[in-house]
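One structure is given here, and the rest of the page talks about it.
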Amino acid sequence: MNNNIKISPSLFAADIFDLKSQIKILERCKVNLLHIDVMDGNFVSRMAFGAEHIQMIKKHTKIPLDVHLMVKYPEKHISDILEAGADIITIHQESTSCLYHCLEMIQRKGRMAGVVLSPATPVQNIKYILSLINMVLIMTVNPGEKNQVFLFDMIDKIKEASELLKDKNIDIEVDGSIDDKTAVLCQAAGANVFVSGGYIFNNNNIEQQIVKLQQALKIKNKI
């Protein structure tokens, strides 16, 4: 388990018409990652960001791109996403029958690979692929749905993942209704990477929200 605390703002919640300037704010705040959701309207009902968008974002920032594939048959998209500049690619365990192959594709290119577990997916499903992953992403809401609330049952799931990974240098990322309160609960359970979208972008003061999150997680204020 990795204890290095990281914040990964979710660009799906950003203002697409003001994305460049908002990324500059995130750079000034020295966030660790940029979380980019790729949704195909199939694995989940919504659609968002493709390889071309990732490539454009990559040109305008040096913040590592944390790409979350919410797509069916991710093996069809990984090469394009890698070429576009993803630094981390996380794949839903439920989305493919060849997860091992997908993770190998990412690792062979020298990028970081991760597995995403939806709320009903057991932690034990990753037991035999730990040598191929750098990150486990635990969804704290159902992926790709609107207006959801934090699923408190996932706290025990984070604890279970933390126990499984206690001797491994593997990040535990959480995504879904993460704010200054739910982040603290997840951190106490063992999470160290925090994806936050609406909390950061929907309050008209990105810097203020990141500072609040940093303070809640006891990250020294970097701004």
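How things are named: the first chain in the structure tokens is A, the next is B, and so on; residues count from 1 in each chain; ligands count from 1 in the order shown.
DSSP secondary structure from the backbone places A:Ile36, A:Asp37, A:Val38, A:Met39, A:Asp40, A:Met47, A:Ala48, A:Leu65, A:Asp66, A:Val67, A:His68, A:Leu69, A:Met70, A:Ile88, A:Ile89, A:Thr90, A:Ile91, A:His92, A:Met112, A:Ala113, A:Gly114, A:Val115, A:Val116, A:Leu117, A:Met135, A:Val136, A:Leu137, A:Ile138, A:Met139 of segment 36-140 of chain A in strand (DSSP E or B).
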Write a file of the selected residues as a CSV table (one decimal), in the first residue's frame, keeping N, CA and C atoms.
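To be explicit, this is the file written out as result-v9.csv:
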```csv
chain,number,residue,atom,x,y,z
A,36,ILE,N,-9.2,11.8,-15.9
A,36,ILE,CA,-9.9,12.0,-17.1
A,36,ILE,C,-10.8,10.7,-17.3
A,37,ASP,N,-12.1,10.9,-17.3
A,37,ASP,CA,-13.0,9.8,-17.5
A,37,ASP,C,-13.3,9.6,-19.0
A,38,VAL,N,-13.1,8.4,-19.5
A,38,VAL,CA,-13.4,8.0,-20.8
A,38,VAL,C,-14.7,7.1,-20.8
A,39,MET,N,-15.8,7.6,-21.3
A,39,MET,CA,-17.1,6.8,-21.2
A,39,MET,C,-17.6,6.6,-22.6
A,40,ASP,N,-18.1,5.4,-22.9
A,40,ASP,CA,-18.5,5.0,-24.2
A,40,ASP,C,-20.0,5.0,-24.5
A,47,MET,N,-21.4,9.6,-22.0
A,47,MET,CA,-20.3,9.6,-22.9
A,47,MET,C,-19.4,10.8,-22.5
A,48,ALA,N,-18.1,10.6,-22.6
A,48,ALA,CA,-17.1,11.6,-22.3
A,48,ALA,C,-15.7,11.3,-22.8
A,65,LEU,N,-1.6,12.4,-16.4
A,65,LEU,CA,-3.0,12.2,-16.7
A,65,LEU,C,-3.4,10.8,-16.2
A,66,ASP,N,-4.4,10.8,-15.3
A,66,ASP,CA,-4.9,9.6,-14.7
A,66,ASP,C,-6.2,9.2,-15.4
A,67,VAL,N,-6.1,8.4,-16.4
A,67,VAL,CA,-7.2,8.1,-17.3
A,67,VAL,C,-8.0,6.9,-16.8
A,68,HIS,N,-9.3,7.1,-16.6
A,68,HIS,CA,-10.2,6.0,-16.1
A,68,HIS,C,-11.1,5.6,-17.3
A,69,LEU,N,-10.9,4.4,-17.7
A,69,LEU,CA,-11.6,3.8,-18.9
A,69,LEU,C,-12.9,3.2,-18.4
A,70,MET,N,-14.0,3.9,-18.7
A,70,MET,CA,-15.4,3.3,-18.4
A,70,MET,C,-15.9,2.9,-19.8
A,88,ILE,N,-1.4,7.1,-16.5
A,88,ILE,CA,-2.0,6.0,-15.8
A,88,ILE,C,-3.3,5.6,-16.5
A,89,ILE,N,-3.5,4.4,-16.7
A,89,ILE,CA,-4.8,3.9,-17.2
A,89,ILE,C,-5.4,2.9,-16.2
A,90,THR,N,-6.6,3.2,-15.8
A,90,THR,CA,-7.3,2.2,-15.0
A,90,THR,C,-8.5,1.6,-15.7
A,91,ILE,N,-8.7,0.3,-15.6
A,91,ILE,CA,-9.6,-0.5,-16.3
A,91,ILE,C,-10.6,-1.2,-15.4
A,92,HIS,N,-11.9,-1.1,-15.7
A,92,HIS,CA,-12.8,-1.9,-14.9
A,92,HIS,C,-12.7,-3.4,-15.0
A,112,MET,N,1.7,3.4,-16.0
A,112,MET,CA,1.1,2.8,-14.8
A,112,MET,C,-0.2,2.2,-15.1
A,113,ALA,N,-0.5,1.0,-14.6
A,113,ALA,CA,-1.8,0.4,-14.9
A,113,ALA,C,-2.6,0.2,-13.6
A,114,GLY,N,-3.9,0.2,-13.7
A,114,GLY,CA,-4.7,0.0,-12.5
A,114,GLY,C,-6.0,-0.7,-12.8
A,115,VAL,N,-6.6,-1.2,-11.8
A,115,VAL,CA,-7.9,-1.9,-11.9
A,115,VAL,C,-8.9,-1.2,-11.1
A,116,VAL,N,-10.1,-1.0,-11.8
A,116,VAL,CA,-11.2,-0.3,-11.1
A,116,VAL,C,-12.2,-1.4,-10.6
A,117,LEU,N,-12.7,-1.2,-9.4
A,117,LEU,CA,-13.7,-2.1,-8.8
A,117,LEU,C,-15.0,-1.3,-8.6
A,135,MET,N,-2.1,0.6,-9.2
A,135,MET,CA,-3.3,1.3,-8.6
A,135,MET,C,-4.5,0.4,-8.5
A,136,VAL,N,-5.3,0.5,-7.5
A,136,VAL,CA,-6.6,0.0,-7.4
A,136,VAL,C,-7.6,1.2,-7.2
A,137,LEU,N,-8.5,1.3,-8.1
A,137,LEU,CA,-9.5,2.4,-8.0
A,137,LEU,C,-10.8,1.8,-7.4
A,138,ILE,N,-11.2,2.2,-6.3
A,138,ILE,CA,-12.5,1.8,-5.7
A,138,ILE,C,-13.5,2.8,-5.9
A,139,MET,N,-14.6,2.5,-6.6
A,139,MET,CA,-15.7,3.4,-6.9
A,139,MET,C,-16.5,3.5,-5.6
```
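Compared by their closest atoms to Val149 of chain A, and using only C-alpha atoms, the residues A:Ile178, A:Ala183, A:Met1, A:Ile16 rank with A:Ile178 nearest.
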All alpha helix (DSSP H) residues (DSSP, backbone) inside segment 43-158 of chain A, as number ranges by chain: A: 51-59, 78-84, 99-108, 154-158
Please, could you write that set of residues out with N, CA, C and O atoms as a CSV table (one decimal), in the first residue's frame?
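Saved to result.csv:
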```
chain,number,residue,atom,x,y,z
A,51,ALA,N,-9.6,9.7,-27.0
A,51,ALA,CA,-8.1,9.8,-27.2
A,51,ALA,C,-7.7,11.2,-27.7
A,51,ALA,O,-6.7,11.8,-27.2
A,52,GLU,N,-8.5,11.8,-28.6
A,52,GLU,CA,-8.2,13.1,-29.1
A,52,GLU,C,-8.2,14.2,-28.1
A,52,GLU,O,-7.3,15.1,-28.0
A,53,HIS,N,-9.2,14.1,-27.1
A,53,HIS,CA,-9.2,15.1,-26.0
A,53,HIS,C,-8.1,14.9,-25.1
A,53,HIS,O,-7.5,15.9,-24.6
A,54,ILE,N,-7.7,13.7,-24.8
A,54,ILE,CA,-6.5,13.4,-23.9
A,54,ILE,C,-5.3,14.0,-24.6
A,54,ILE,O,-4.5,14.6,-23.9
A,55,GLN,N,-5.1,13.8,-25.9
A,55,GLN,CA,-4.0,14.4,-26.6
A,55,GLN,C,-3.9,15.9,-26.5
A,55,GLN,O,-2.8,16.5,-26.2
A,56,MET,N,-5.0,16.5,-26.6
A,56,MET,CA,-5.1,18.0,-26.5
A,56,MET,C,-4.7,18.5,-25.1
A,56,MET,O,-4.0,19.4,-24.9
A,57,ILE,N,-5.3,17.8,-24.1
A,57,ILE,CA,-5.0,18.2,-22.7
A,57,ILE,C,-3.5,18.0,-22.4
A,57,ILE,O,-2.8,18.8,-21.8
A,58,LYS,N,-2.9,16.9,-22.9
A,58,LYS,CA,-1.5,16.5,-22.7
A,58,LYS,C,-0.6,17.7,-23.2
A,58,LYS,O,0.5,17.9,-22.6
A,59,LYS,N,-1.0,18.3,-24.3
A,59,LYS,CA,-0.2,19.4,-24.9
A,59,LYS,C,-0.1,20.6,-24.0
A,59,LYS,O,0.8,21.4,-24.1
A,78,ILE,N,-7.0,0.8,-25.7
A,78,ILE,CA,-5.8,1.1,-24.9
A,78,ILE,C,-4.6,1.7,-25.7
A,78,ILE,O,-4.0,2.7,-25.3
A,79,SER,N,-4.4,1.2,-26.9
A,79,SER,CA,-3.3,1.7,-27.7
A,79,SER,C,-3.5,3.2,-28.1
A,79,SER,O,-2.5,4.0,-28.0
A,80,ASP,N,-4.7,3.6,-28.4
A,80,ASP,CA,-5.0,5.0,-28.7
A,80,ASP,C,-4.8,5.9,-27.5
A,80,ASP,O,-4.3,7.0,-27.6
A,81,ILE,N,-5.3,5.4,-26.4
A,81,ILE,CA,-5.2,6.1,-25.1
A,81,ILE,C,-3.7,6.3,-24.7
A,81,ILE,O,-3.3,7.4,-24.3
A,82,LEU,N,-2.9,5.3,-24.9
A,82,LEU,CA,-1.5,5.3,-24.6
A,82,LEU,C,-0.8,6.3,-25.5
A,82,LEU,O,0.0,7.2,-25.1
A,83,GLU,N,-1.1,6.2,-26.8
A,83,GLU,CA,-0.5,7.2,-27.8
A,83,GLU,C,-0.9,8.6,-27.5
A,83,GLU,O,-0.1,9.5,-27.7
A,84,ALA,N,-2.1,8.8,-27.0
A,84,ALA,CA,-2.5,10.2,-26.7
A,84,ALA,C,-1.8,10.8,-25.5
A,84,ALA,O,-1.8,12.0,-25.4
A,99,LEU,N,-8.5,-9.1,-18.9
A,99,LEU,CA,-7.9,-8.0,-18.1
A,99,LEU,C,-6.4,-8.2,-18.0
A,99,LEU,O,-5.6,-7.2,-18.1
A,100,TYR,N,-5.9,-9.4,-17.8
A,100,TYR,CA,-4.4,-9.6,-17.7
A,100,TYR,C,-3.7,-9.0,-19.0
A,100,TYR,O,-2.7,-8.3,-18.8
A,101,HIS,N,-4.3,-9.3,-20.1
A,101,HIS,CA,-3.7,-8.8,-21.4
A,101,HIS,C,-3.7,-7.3,-21.4
A,101,HIS,O,-2.7,-6.7,-21.8
A,102,CYS,N,-4.8,-6.7,-21.0
A,102,CYS,CA,-4.9,-5.3,-21.0
A,102,CYS,C,-3.9,-4.6,-20.1
A,102,CYS,O,-3.2,-3.6,-20.5
A,103,LEU,N,-3.7,-5.2,-19.0
A,103,LEU,CA,-2.7,-4.6,-18.0
A,103,LEU,C,-1.3,-4.8,-18.6
A,103,LEU,O,-0.4,-3.9,-18.5
A,104,GLU,N,-1.0,-5.9,-19.2
A,104,GLU,CA,0.3,-6.1,-19.9
A,104,GLU,C,0.6,-5.1,-21.0
A,104,GLU,O,1.7,-4.6,-21.1
A,105,MET,N,-0.5,-4.8,-21.8
A,105,MET,CA,-0.3,-3.8,-22.8
A,105,MET,C,0.2,-2.4,-22.3
A,105,MET,O,1.0,-1.8,-22.8
A,106,ILE,N,-0.4,-2.1,-21.1
A,106,ILE,CA,-0.1,-0.8,-20.5
A,106,ILE,C,1.3,-0.8,-19.9
A,106,ILE,O,2.2,0.1,-20.1
A,107,GLN,N,1.6,-1.9,-19.2
A,107,GLN,CA,2.9,-2.0,-18.6
A,107,GLN,C,4.1,-2.1,-19.6
A,107,GLN,O,5.2,-1.6,-19.4
A,108,ARG,N,3.8,-2.7,-20.7
A,108,ARG,CA,4.9,-2.8,-21.8
A,108,ARG,C,5.3,-1.5,-22.3
A,108,ARG,O,6.4,-1.3,-22.8
A,154,MET,N,-18.6,1.3,1.2
A,154,MET,CA,-17.3,1.2,0.5
A,154,MET,C,-16.1,1.4,1.5
A,154,MET,O,-15.0,1.1,1.1
A,155,ILE,N,-16.4,2.0,2.6
A,155,ILE,CA,-15.3,2.1,3.6
A,155,ILE,C,-14.7,0.8,4.0
A,155,ILE,O,-13.5,0.6,4.1
A,156,ASP,N,-15.6,-0.2,4.3
A,156,ASP,CA,-15.1,-1.5,4.6
A,156,ASP,C,-14.3,-2.1,3.4
A,156,ASP,O,-13.3,-2.9,3.6
A,157,LYS,N,-14.7,-1.8,2.2
A,157,LYS,CA,-14.1,-2.3,1.0
A,157,LYS,C,-12.7,-1.8,0.9
A,157,LYS,O,-11.7,-2.5,0.5
A,158,ILE,N,-12.5,-0.5,1.2
A,158,ILE,CA,-11.2,0.2,1.2
A,158,ILE,C,-10.3,-0.5,2.2
A,158,ILE,O,-9.1,-0.8,2.0
```
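When the distance limit is 10 Å and only C-alpha atoms are what count, the residues near segment 169-172 of chain A, minus those fewer than 5 positions from it on the same chain, are Met1, Asn2, Asn3, Asn4, Ile5, Lys6, Gly114, Leu130, Ser131, Ile133, Asn134, Met135, Val136, Leu137, Ile138, Ile158, Ala161, Ser162, Cys186, Gln187, Gly190, Ala191, Asn192, Val193 and Phe194 of chain A.
Rounded to one decimal, atom CA of Asp180 of chain A and atom CA of Cys29 of chain A lie 16.2 Å from each other.
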Contact residues around Ala14 of chain A with only C-alpha atoms at 8 Å, ignoring same-chain residues under 4 positions, as number ranges by chain: A: 10, 18-19, 22, 197, 201-202
Length of the atom CA of Asp15 of chain A to atom CA of Ser45 of chain A vector [Å]: 20.8 Å
Nearest candidate to Thr182 of chain A (options A:Ile25, A:Val31, A:Ala216, A:Leu165; using only C-alpha atoms): A:Ala216
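Ranking A:His60, A:Lys146, A:Lys127, A:Arg46 by their shortest atom-to-atom distance to Glu160 of chain A, with only C-alpha atoms included, puts A:Lys127 first.
Nearest residue to Asn32 of chain A, choosing from A:Gln208, A:Gln148, A:Thr61, A:Gln215 and counting only C-alpha atoms: A:Thr61.
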Point-to-point distance from atom CA of Tyr199 of chain A to atom CA of Leu33 of chain A, Å rounded to tenths: 16.0 Å
